[in-house]
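Data block for my_file_32.csv (CSV, C-alpha atoms and all ligand atoms):
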```csv
chain,number,residue,atom,x,y,z
Q,1,MET,CA,5.1,29.6,-12.0
Q,2,ALA,CA,1.8,29.2,-13.9
Q,3,ALA,CA,2.0,28.6,-17.7
Q,4,ALA,CA,1.0,31.6,-19.9
Q,5,LEU,CA,-2.6,31.6,-21.1
Q,6,HIS,CA,-3.0,30.6,-24.7
Q,7,ILE,CA,-5.8,32.5,-26.3
Q,8,GLU,CA,-7.1,31.5,-29.8
Q,9,PRO,CA,-9.7,33.9,-31.3
Q,10,SER,CA,-12.7,32.1,-32.9
Q,11,GLY,CA,-12.3,34.1,-36.2
Q,12,GLN,CA,-15.9,35.0,-35.9
Q,13,ALA,CA,-17.5,38.2,-34.5
Q,14,CYS,CA,-16.4,37.5,-31.0
Q,15,GLY,CA,-15.3,34.5,-28.8
Q,16,ALA,CA,-11.9,32.9,-28.1
Q,17,THR,CA,-10.7,29.5,-26.7
Q,18,VAL,CA,-8.4,29.7,-23.7
Q,19,ARG,CA,-5.9,27.0,-22.8
Q,20,GLY,CA,-2.9,26.9,-20.5
Q,21,VAL,CA,-4.9,27.3,-17.3
Q,22,ASP,CA,-6.4,24.7,-14.9
Q,23,LEU,CA,-9.7,25.8,-13.6
Q,24,THR,CA,-9.9,23.0,-11.0
Q,25,ARG,CA,-7.3,24.9,-9.0
Q,26,PRO,CA,-7.5,28.5,-7.6
Q,27,LEU,CA,-6.2,31.0,-10.1
Q,28,SER,CA,-3.3,33.4,-9.3
Q,29,ALA,CA,-3.9,37.1,-9.5
Q,30,ASP,CA,-2.0,37.2,-12.8
Q,31,GLN,CA,-4.2,34.5,-14.3
Q,32,VAL,CA,-7.4,36.3,-13.2
Q,33,ALA,CA,-6.0,39.5,-14.7
Q,34,GLY,CA,-5.1,37.7,-17.9
Q,35,VAL,CA,-8.5,36.0,-18.2
Q,36,ARG,CA,-10.3,39.4,-17.5
Q,37,THR,CA,-8.3,41.1,-20.2
Q,38,ALA,CA,-9.1,38.4,-22.7
Q,39,TRP,CA,-12.8,38.4,-21.7
Q,40,LEU,CA,-13.1,42.2,-22.2
Q,41,GLU,CA,-11.4,41.8,-25.6
Q,42,HIS,CA,-13.3,38.7,-26.9
Q,43,HIS,CA,-16.5,39.0,-24.9
Q,44,VAL,CA,-17.0,35.2,-24.8
Q,45,LEU,CA,-14.3,32.8,-23.6
Q,46,ALA,CA,-14.4,29.0,-23.9
Q,47,PHE,CA,-12.1,26.8,-21.6
Q,48,PRO,CA,-12.1,23.2,-23.0
Q,49,ASP,CA,-11.1,20.1,-21.0
Q,50,GLN,CA,-11.8,21.5,-17.5
Q,51,ALA,CA,-13.2,18.7,-15.3
Q,52,MET,CA,-14.7,21.3,-12.9
Q,53,SER,CA,-16.8,20.5,-9.8
Q,54,ASP,CA,-19.5,22.9,-8.6
Q,55,ASP,CA,-17.0,24.2,-6.0
Q,56,ASP,CA,-14.6,25.0,-8.9
Q,57,LEU,CA,-17.3,26.7,-10.8
Q,58,GLU,CA,-18.3,28.9,-7.8
Q,59,ARG,CA,-14.6,29.7,-7.1
Q,60,PHE,CA,-14.0,30.7,-10.7
Q,61,THR,CA,-17.1,32.9,-10.7
Q,62,LEU,CA,-16.1,34.7,-7.5
Q,63,ALA,CA,-12.7,35.5,-9.1
Q,64,PHE,CA,-14.5,37.9,-11.5
Q,65,GLY,CA,-17.1,39.5,-9.2
Q,66,PRO,CA,-19.7,38.8,-6.6
Q,67,PHE,CA,-22.4,36.2,-7.4
Q,68,GLY,CA,-25.3,37.8,-9.3
Q,69,ASP,CA,-28.9,37.4,-8.2
Q,70,ASP,CA,-30.7,34.7,-10.2
Q,71,PRO,CA,-34.5,35.2,-10.0
Q,72,PHE,CA,-37.2,32.8,-11.3
Q,73,ILE,CA,-35.0,29.7,-11.4
Q,74,ALA,CA,-34.4,27.6,-8.3
Q,75,PRO,CA,-30.8,26.8,-7.6
Q,76,ILE,CA,-29.6,23.2,-7.7
Q,77,PRO,CA,-29.8,21.3,-4.4
Q,78,GLY,CA,-27.1,22.3,-1.9
Q,79,ARG,CA,-26.0,25.4,-3.8
Q,80,ASP,CA,-27.3,28.9,-3.5
Q,81,HIS,CA,-25.7,30.3,-6.7
Q,82,ILE,CA,-25.8,27.5,-9.3
Q,83,ILE,CA,-28.8,27.0,-11.6
Q,84,GLU,CA,-29.2,24.1,-14.1
Q,85,ILE,CA,-29.9,24.6,-17.7
Q,86,ARG,CA,-31.5,21.3,-18.5
Q,87,ARG,CA,-33.5,19.6,-21.2
Q,88,ASN,CA,-34.3,16.0,-20.9
Q,89,ALA,CA,-34.2,13.7,-24.0
Q,90,GLU,CA,-38.0,13.3,-24.0
Q,91,GLU,CA,-39.0,16.9,-23.7
Q,92,THR,CA,-40.9,18.4,-26.6
Q,93,GLY,CA,-41.9,21.9,-25.4
Q,94,PRO,CA,-40.2,25.0,-26.6
Q,95,LEU,CA,-36.5,25.4,-25.9
Q,96,PHE,CA,-35.4,27.5,-23.0
Q,97,ALA,CA,-33.7,30.8,-23.9
Q,98,GLU,CA,-34.2,30.4,-27.7
Q,99,ASN,CA,-34.6,34.2,-28.2
Q,100,TRP,CA,-31.8,36.8,-28.1
Q,101,HIS,CA,-31.3,38.3,-24.7
Q,102,SER,CA,-28.8,39.7,-22.2
Q,103,ASP,CA,-29.1,37.8,-18.9
Q,104,TRP,CA,-31.4,39.5,-16.4
Q,105,SER,CA,-31.3,42.8,-18.2
Q,106,PHE,CA,-34.5,43.7,-16.4
Q,107,GLN,CA,-32.6,44.1,-13.1
Q,108,ALA,CA,-31.6,47.5,-11.7
Q,109,THR,CA,-28.0,46.5,-11.9
Q,110,PRO,CA,-27.8,43.7,-14.5
Q,111,PRO,CA,-25.1,41.1,-14.1
Q,112,ALA,CA,-21.7,41.6,-15.7
Q,113,GLY,CA,-21.3,38.1,-17.0
Q,114,THR,CA,-22.5,34.5,-17.0
Q,115,CYS,CA,-20.5,31.3,-16.6
Q,116,LEU,CA,-21.9,28.1,-18.1
Q,117,PHE,CA,-20.3,24.7,-17.7
Q,118,GLY,CA,-21.1,21.7,-19.9
Q,119,VAL,CA,-22.1,18.7,-17.9
Q,120,THR,CA,-24.0,16.6,-20.4
Q,121,ILE,CA,-23.6,17.7,-24.0
Q,122,PRO,CA,-25.6,16.1,-26.8
Q,123,PRO,CA,-23.6,14.5,-29.7
Q,124,HIS,CA,-25.0,17.2,-32.1
Q,125,GLY,CA,-27.0,20.5,-31.9
Q,126,GLY,CA,-27.4,22.6,-28.8
Q,127,ASP,CA,-25.0,25.3,-29.9
Q,128,THR,CA,-25.2,28.7,-28.2
Q,129,LEU,CA,-25.1,31.8,-30.4
Q,130,PHE,CA,-23.6,35.1,-29.3
Q,131,ALA,CA,-24.1,38.4,-31.0
Q,132,ASN,CA,-21.5,41.2,-30.5
Q,133,GLN,CA,-23.4,44.3,-29.7
Q,134,HIS,CA,-20.4,46.7,-30.1
Q,135,LEU,CA,-20.0,45.6,-33.7
Q,136,ALA,CA,-23.8,45.8,-34.2
Q,137,LEU,CA,-23.7,49.4,-33.0
Q,138,GLU,CA,-20.6,50.4,-34.9
Q,139,ALA,CA,-21.9,49.0,-38.2
Q,140,MET,CA,-25.4,50.3,-37.8
Q,141,PRO,CA,-26.9,52.3,-40.7
Q,142,SER,CA,-27.4,55.9,-39.7
Q,143,ASP,CA,-31.2,55.9,-40.3
Q,144,LEU,CA,-31.6,53.1,-37.7
Q,145,ARG,CA,-29.1,54.6,-35.3
Q,146,SER,CA,-30.9,58.0,-35.4
Q,147,ARG,CA,-34.1,56.2,-34.3
Q,148,ILE,CA,-32.4,54.9,-31.1
Q,149,GLU,CA,-29.9,57.6,-30.3
Q,150,GLY,CA,-30.6,59.0,-26.8
Q,151,ARG,CA,-33.5,56.6,-26.2
Q,152,THR,CA,-34.2,54.5,-23.1
Q,153,ALA,CA,-35.6,51.0,-23.1
Q,154,VAL,CA,-38.2,49.6,-20.6
Q,155,HIS,CA,-37.0,46.1,-19.5
Q,156,SER,CA,-39.1,43.5,-17.7
Q,157,ALA,CA,-39.2,39.8,-17.1
Q,158,ARG,CA,-43.0,39.7,-17.4
Q,159,GLY,CA,-43.1,38.1,-20.9
Q,160,GLY,CA,-41.0,35.2,-19.6
Q,161,TYR,CA,-41.6,34.7,-15.9
Q,162,ALA,CA,-44.9,36.2,-14.9
Q,163,PRO,CA,-47.5,33.5,-14.2
Q,164,ASP,CA,-49.0,34.1,-17.6
Q,165,GLY,CA,-45.6,34.4,-19.3
Q,166,PHE,CA,-43.8,32.1,-21.7
Q,167,TYR,CA,-42.3,30.1,-18.8
Q,168,GLY,CA,-45.4,30.6,-16.6
Q,169,LEU,CA,-48.0,28.2,-15.3
Q,170,ASP,CA,-49.0,26.7,-18.7
Q,171,ASP,CA,-45.3,25.9,-19.4
Q,172,GLN,CA,-45.1,24.2,-16.0
Q,173,ARG,CA,-48.0,22.0,-16.9
Q,174,ARG,CA,-46.2,21.0,-20.0
Q,175,GLY,CA,-43.6,19.4,-17.8
Q,176,ARG,CA,-40.4,21.4,-18.4
Q,177,SER,CA,-37.4,19.8,-16.5
Q,178,MET,CA,-35.8,23.1,-15.5
Q,179,ALA,CA,-36.7,24.5,-12.1
Q,180,ILE,CA,-38.4,27.6,-13.3
Q,181,ARG,CA,-40.4,29.5,-10.7
Q,182,PRO,CA,-42.8,32.1,-12.3
Q,183,SER,CA,-43.8,35.0,-10.1
Q,184,ASP,CA,-45.7,38.2,-10.0
Q,185,GLU,CA,-42.4,39.9,-9.3
Q,186,ALA,CA,-41.7,39.5,-13.0
Q,187,MET,CA,-44.1,42.4,-13.6
Q,188,ALA,CA,-41.6,45.0,-12.4
Q,189,THR,CA,-40.0,47.3,-15.0
Q,190,GLN,CA,-36.5,48.9,-15.2
Q,191,LEU,CA,-35.1,51.5,-17.5
Q,192,HIS,CA,-31.7,51.3,-19.3
Q,193,PRO,CA,-30.4,53.3,-22.2
Q,194,LEU,CA,-30.4,51.4,-25.6
Q,195,ILE,CA,-26.9,52.6,-26.3
Q,196,ARG,CA,-24.5,52.2,-23.3
Q,197,ALA,CA,-20.8,52.6,-22.6
Q,198,HIS,CA,-19.3,49.3,-21.4
Q,199,PRO,CA,-18.6,50.0,-17.7
Q,200,GLU,CA,-15.1,48.6,-17.9
Q,201,THR,CA,-13.9,49.4,-21.4
Q,202,GLY,CA,-16.0,52.5,-22.2
Q,203,ARG,CA,-16.7,51.1,-25.6
Q,204,LEU,CA,-20.3,51.9,-26.8
Q,205,GLY,CA,-22.7,49.1,-27.5
Q,206,LEU,CA,-26.3,48.2,-27.7
Q,207,PHE,CA,-27.8,46.9,-24.5
Q,208,GLY,CA,-30.6,44.3,-24.4
Q,209,CYS,CA,-33.2,43.6,-27.1
Q,210,VAL,CA,-36.9,42.9,-27.5
Q,211,GLY,CA,-38.1,40.2,-25.1
Q,212,TYR,CA,-36.7,41.5,-21.9
Q,213,ILE,CA,-37.2,45.0,-23.5
Q,214,ILE,CA,-40.9,45.4,-23.6
Q,215,ALA,CA,-41.1,49.0,-24.9
Q,216,VAL,CA,-39.1,52.1,-25.8
Q,217,ASP,CA,-39.7,54.8,-23.3
Q,218,GLY,CA,-41.7,57.7,-24.9
Q,219,LEU,CA,-43.0,55.7,-27.9
Q,220,ASP,CA,-46.5,54.2,-28.2
Q,221,GLU,CA,-46.9,50.4,-28.4
Q,222,GLU,CA,-46.9,50.1,-32.2
Q,223,ASP,CA,-43.9,52.4,-32.7
Q,224,SER,CA,-42.0,50.6,-29.9
Q,225,ARG,CA,-42.8,47.2,-31.4
Q,226,GLU,CA,-41.7,48.3,-34.9
Q,227,LEU,CA,-38.4,49.8,-33.6
Q,228,LEU,CA,-37.6,46.9,-31.4
Q,229,THR,CA,-38.3,44.5,-34.2
Q,230,ASP,CA,-36.1,46.4,-36.7
Q,231,LEU,CA,-33.4,46.6,-34.0
Q,232,VAL,CA,-33.3,42.9,-33.1
Q,233,ARG,CA,-33.1,42.0,-36.8
Q,234,TRP,CA,-30.0,44.1,-37.0
Q,235,GLN,CA,-28.6,43.0,-33.6
Q,236,GLY,CA,-28.7,39.3,-34.6
Q,237,ARG,CA,-27.2,39.6,-38.1
Q,238,ASP,CA,-24.9,36.8,-39.1
Q,239,GLU,CA,-21.8,39.1,-39.3
Q,240,PHE,CA,-22.1,39.9,-35.6
Q,241,VAL,CA,-22.6,36.3,-34.5
Q,242,TYR,CA,-20.3,33.7,-33.0
Q,243,ARG,CA,-21.6,30.1,-32.9
Q,244,HIS,CA,-20.3,28.2,-29.9
Q,245,ARG,CA,-20.1,24.4,-30.1
Q,246,TRP,CA,-20.1,22.7,-26.7
Q,247,GLU,CA,-18.1,19.9,-25.4
Q,248,PRO,CA,-18.5,18.1,-22.0
Q,249,ASP,CA,-16.2,19.7,-19.4
Q,250,MET,CA,-16.1,23.0,-21.2
Q,251,LEU,CA,-16.6,26.3,-19.3
Q,252,VAL,CA,-17.8,29.3,-21.2
Q,253,MET,CA,-17.9,32.8,-19.7
Q,254,TRP,CA,-19.6,35.7,-21.5
Q,255,ASP,CA,-20.0,39.4,-21.0
Q,256,ASN,CA,-23.6,40.3,-20.8
Q,257,ARG,CA,-22.6,44.0,-21.3
Q,258,SER,CA,-21.2,43.3,-24.8
Q,259,VAL,CA,-23.1,40.3,-26.2
Q,260,LEU,CA,-26.6,39.0,-26.6
Q,261,HIS,CA,-27.0,35.2,-26.7
Q,262,ARG,CA,-29.5,32.5,-27.4
Q,263,ALA,CA,-29.9,28.7,-27.3
Q,264,THR,CA,-30.4,26.5,-30.3
Q,265,GLY,CA,-32.0,23.0,-30.6
Q,266,GLY,CA,-31.3,20.1,-32.9
Q,267,TYR,CA,-30.6,17.5,-30.2
Q,268,GLU,CA,-34.0,15.8,-29.9
Q,269,GLY,CA,-33.8,12.5,-28.0
Q,270,HIS,CA,-30.7,13.5,-26.1
Q,271,ASP,CA,-30.2,15.1,-22.6
Q,272,ARG,CA,-28.5,18.5,-22.4
Q,273,VAL,CA,-27.4,19.7,-18.9
Q,274,LEU,CA,-25.2,22.7,-18.0
Q,275,HIS,CA,-24.5,24.4,-14.7
Q,276,ARG,CA,-24.7,28.2,-14.7
Q,277,THR,CA,-23.5,30.9,-12.4
Q,278,THR,CA,-23.9,34.7,-12.7
Q,279,ILE,CA,-21.1,37.2,-12.3
Q,280,GLY,CA,-22.7,40.2,-10.6
Q,281,ALA,CA,-21.7,43.7,-11.4
Q,282,ARG,CA,-18.8,45.2,-9.5
Q,283,ARG,CA,-19.2,48.7,-8.2
Q,284,SER,CA,-18.2,50.2,-11.5
Q,285,SER,CA,-19.7,47.5,-13.8
Q,301,LIG,C1,-28.8,30.6,-21.4
Q,301,LIG,O1,-29.3,31.5,-21.9
Q,301,LIG,O2,-28.2,30.6,-20.3
Q,301,LIG,C2,-28.8,29.2,-22.0
Q,301,LIG,C3,-28.0,29.1,-23.2
Q,301,LIG,C4,-28.0,27.7,-23.8
Q,301,LIG,O3,-28.7,26.9,-23.3
Q,301,LIG,O4,-27.4,27.5,-24.8
```

Would you mind writing the file out in structure tokens?
Amino acid sequence: MAAALHIEPSGQACGATVRGVDLTRPLSADQVAGVRTAWLEHHVLAFPDQAMSDDDLERFTLAFGPFGDDPFIAPIPGRDHIIEIRRNAEETGPLFAENWHSDWSFQATPPAGTCLFGVTIPPHGGDTLFANQHLALEAMPSDLRSRIEGRTAVHSARGGYAPDGFYGLDDQRRGRSMAIRPSDEAMATQLHPLIRAHPETGRLGLFGCVGYIIAVDGLDEEDSRELLTDLVRWQGRDEFVYRHRWEPDMLVMWDNRSVLHRATGGYEGHDRVLHRTTIGARRSS
């Protein structure tokens, strides 16, 4: 019989460390159910000391949903569903994913979650920050909440992945090591409510933020920008944030429906490599 999961909350706004499970082996139905329950409660789970292969990473991902669709970043050789978050020691351009976001929120059915496995972790820096968007909504002052209540956001990848976007052709010329593939397909837009019930728990939260959100439907450009700026300042406040410190052989899974996340720097002169899969939405998520 498998040992019980040991779940240690981070003591911050979300996040927990999970021990007592070996992710290099297939999980039992009970283990999958236990991890899912902990994931829905803590939104970000870290599994240290898991010497996982890419096969293990794919198998773990598929225990929680289908693979999501990863646009604009080529998969690693030999895999259709693993992308590499990489920054080489000598790179000097802007960090990848340094602004708050929910992964691929511009899709019609955005992914439920993301798995990220630490392959090469620098000796310092490179933490990932997560902001709990249930807490951000629940603690929101009424004047800000009244400005977003019932409103719909326009999401798009254009600011990042269009040919003239942040990761577009100019960025490619700077020599980024990640396999980013800008495309005109990034110009598409998709509507999602700013306040959403989590598809599995029903708990209300904020969904997405400025960046992939390019406008608030029904507001002019200036009012949209002002509202989205006020909103993201609130969404990323320290009291909603969990700072995740990486170790090699650590897997992290997060719930894109509950948290925003962003990368941080501070590891100049060191490589940082992580393998990432996307947990697609199930029919009800
Ligand atoms: C990501 O957004 O997937 C990357 C996060 C990180 O590099 O810390």

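For ligand LIG 301 (chain Q), the set of protein, DNA and RNA residues within 6 Å, based on only C-alpha atoms and all ligand atoms, reads Ala97, Thr128, Arg262 and Ala263 of chain Q.
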
May I ask for the distance between atom CA of Gly205 of chain Q and atom CA of Val154 of chain Q, given in Å to one decimal place?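 Interatomic distance here is 17.0 Å.
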
Need to verify the contact set: Trp254 of chain Q, 12 Å, only C-alpha atoms, exclusion of same-chain residues closer than 3 positions in sequence. Can you return it as a PyMOL selection string? chain Q and resi 14-16+35-36+38-47+61+64+102-103+111-117+128-132+242+244+251+257-262+276-279

Residue neighbourhood Ala179 of chain Q, 10 Å, all atoms listed in the file, exclusion window fewer than 3 positions, as a list in words: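 These residues fall inside the cut-off: Phe72, Ile73, Ala74, Pro75, Ile76, Ile83, Glu84, Ile85, Arg86, Gln172, Arg176 and Pro182 of chain Q.
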
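Summary of the local environment: counting all atoms listed in the file, residues at most 6 Å from Gly65 of chain Q, other than itself and those fewer than 3 positions away along its chain, are Leu62, Ile279, Gly280 and Arg282 of chain Q.
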
Spatial neighbours of Arg203 of chain Q, max dist 12 Å, all atoms listed in the file, sep filter under 3 positions, as a list in words: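 Once the adjacent positions are removed, what remains is Leu40, Glu41, Gln133, His134, Leu135, Leu137, Glu138, Ile195, Arg196, Ala197, His198, Pro199, Glu200, Leu206, Phe207, Arg257 and Ser258 of chain Q.
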
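Residue nearest Gly20 of chain Q within the list Q:His6, Q:His275, Q:His124, Q:His155: Q:His6 [criterion: smallest interatomic distance, all atoms listed in the file].
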
Which polymer residues, whether protein, DNA or RNA, lie within 8 Å of the coordinate (-38.3, 48.5, -10.4) when you count all atoms listed in the file? List them as number ranges by chain, using the chain letters and numbers from the file. Q: 107-108, 188-190

Do you know which residues are at most 9 Å from Glu58 of chain Q counting only C-alpha atoms, after dropping those on the same chain fewer than 3 positions away, and could you put them as a VMD selection string? chain Q and resid 53 to 55 61 to 63 67 81 to 82 277

Using all atoms listed in the file, which of Q:Gly266, Q:Pro122, Q:Gly160, Q:Gly168 sits nearest Gly211 of chain Q?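 Nearest candidate to Gly211 of chain Q out of Q:Gly266, Q:Pro122, Q:Gly160, Q:Gly168: Q:Gly160.
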
Of the listed residues Q:Glu90, Q:Asp184, Q:Asp217, Q:Asp170, that which approaches Ala153 of chain Q most closely, counting only C-alpha atoms: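 Once distances to Ala153 of chain Q are computed over only C-alpha atoms, the minimum belongs to Q:Asp217.
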
Point-to-point distance in Å for atom CA of Arg225 of chain Q and atom CA of Ser142 of chain Q: 19.5 Å

Name the residues within 9 Å of (-8.7, 27.0, -16.6), counting only C-alpha atoms in the file's coordinates, and put them as a PDB file with C-alpha atoms, in the coordinates of the input.
```
ATOM      1  CA  LEU Q   5      -2.600  31.600 -21.100  1.00  0.00           C
ATOM      2  CA  VAL Q  18      -8.400  29.700 -23.700  1.00  0.00           C
ATOM      3  CA  ARG Q  19      -5.900  27.000 -22.800  1.00  0.00           C
ATOM      4  CA  GLY Q  20      -2.900  26.900 -20.500  1.00  0.00           C
ATOM      5  CA  VAL Q  21      -4.900  27.300 -17.300  1.00  0.00           C
ATOM      6  CA  ASP Q  22      -6.400  24.700 -14.900  1.00  0.00           C
ATOM      7  CA  LEU Q  23      -9.700  25.800 -13.600  1.00  0.00           C
ATOM      8  CA  THR Q  24      -9.900  23.000 -11.000  1.00  0.00           C
ATOM      9  CA  ARG Q  25      -7.300  24.900  -9.000  1.00  0.00           C
ATOM     10  CA  LEU Q  27      -6.200  31.000 -10.100  1.00  0.00           C
ATOM     11  CA  PHE Q  47     -12.100  26.800 -21.600  1.00  0.00           C
ATOM     12  CA  PRO Q  48     -12.100  23.200 -23.000  1.00  0.00           C
ATOM     13  CA  ASP Q  49     -11.100  20.100 -21.000  1.00  0.00           C
ATOM     14  CA  GLN Q  50     -11.800  21.500 -17.500  1.00  0.00           C
ATOM     15  CA  PHE Q  60     -14.000  30.700 -10.700  1.00  0.00           C
ATOM     16  CA  LEU Q 251     -16.600  26.300 -19.300  1.00  0.00           C
TER      17      LEU Q 251
END
```

Identify which of the residues Q:Met140, Q:Asp69, Q:Arg272, Q:Ala4 lies closest to Phe96 of chain Q, counting only C-alpha atoms when measuring atom-to-atom distances. Q:Arg272

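What separates atom CA of Ala215 of chain Q from atom CA of Gly236 of chain Q is a distance of 18.5 Å.
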
Since the input lacks atoms, please generate N, CA and C atoms for segment 100-118 of chain Q and provide them as a compact mmCIF listing (two decimals), in the coordinates of the input.
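See result32.txt below for the written result:
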```
# COMPACT_ATOMS: atom_id res chain seq x y z
N TRP Q 100 -32.88 35.91 -28.52
CA TRP Q 100 -31.80 36.80 -28.10
C TRP Q 100 -32.08 37.44 -26.78
N HIS Q 101 -31.10 37.53 -25.92
CA HIS Q 101 -31.30 38.30 -24.70
C HIS Q 101 -29.90 38.52 -24.03
N SER Q 102 -29.88 39.46 -23.09
CA SER Q 102 -28.80 39.70 -22.20
C SER Q 102 -29.28 39.26 -20.82
N ASP Q 103 -28.58 38.35 -20.13
CA ASP Q 103 -29.10 37.80 -18.90
C ASP Q 103 -29.61 38.81 -17.91
N TRP Q 104 -30.84 38.65 -17.47
CA TRP Q 104 -31.40 39.50 -16.40
C TRP Q 104 -31.28 40.96 -16.62
N SER Q 105 -31.44 41.38 -17.87
CA SER Q 105 -31.30 42.80 -18.20
C SER Q 105 -32.34 43.67 -17.54
N PHE Q 106 -33.39 43.00 -17.01
CA PHE Q 106 -34.50 43.70 -16.40
C PHE Q 106 -34.15 44.12 -14.92
N GLN Q 107 -32.96 43.74 -14.46
CA GLN Q 107 -32.60 44.10 -13.10
C GLN Q 107 -32.08 45.56 -13.05
N ALA Q 108 -32.12 46.17 -11.86
CA ALA Q 108 -31.60 47.50 -11.70
C ALA Q 108 -30.16 47.61 -12.06
N THR Q 109 -29.42 46.62 -11.57
CA THR Q 109 -28.00 46.50 -11.90
C THR Q 109 -27.79 45.13 -12.55
N PRO Q 110 -27.92 45.04 -13.86
CA PRO Q 110 -27.80 43.70 -14.50
C PRO Q 110 -26.44 43.11 -14.31
N PRO Q 111 -26.36 41.79 -14.39
CA PRO Q 111 -25.10 41.10 -14.10
C PRO Q 111 -24.02 41.46 -15.21
N ALA Q 112 -22.76 41.42 -14.79
CA ALA Q 112 -21.70 41.60 -15.70
C ALA Q 112 -21.55 40.45 -16.68
N GLY Q 113 -21.61 39.26 -16.12
CA GLY Q 113 -21.30 38.10 -17.00
C GLY Q 113 -22.07 36.84 -16.51
N THR Q 114 -21.87 35.80 -17.30
CA THR Q 114 -22.50 34.50 -17.00
C THR Q 114 -21.40 33.44 -17.24
N CYS Q 115 -21.36 32.42 -16.38
CA CYS Q 115 -20.50 31.30 -16.60
C CYS Q 115 -21.42 30.05 -16.82
N LEU Q 116 -21.09 29.25 -17.82
CA LEU Q 116 -21.90 28.10 -18.10
C LEU Q 116 -20.97 26.91 -18.38
N PHE Q 117 -21.22 25.82 -17.63
CA PHE Q 117 -20.30 24.70 -17.70
C PHE Q 117 -21.07 23.47 -18.25
N GLY Q 118 -20.47 22.84 -19.26
CA GLY Q 118 -21.10 21.70 -19.90
C GLY Q 118 -20.98 20.43 -19.14
```
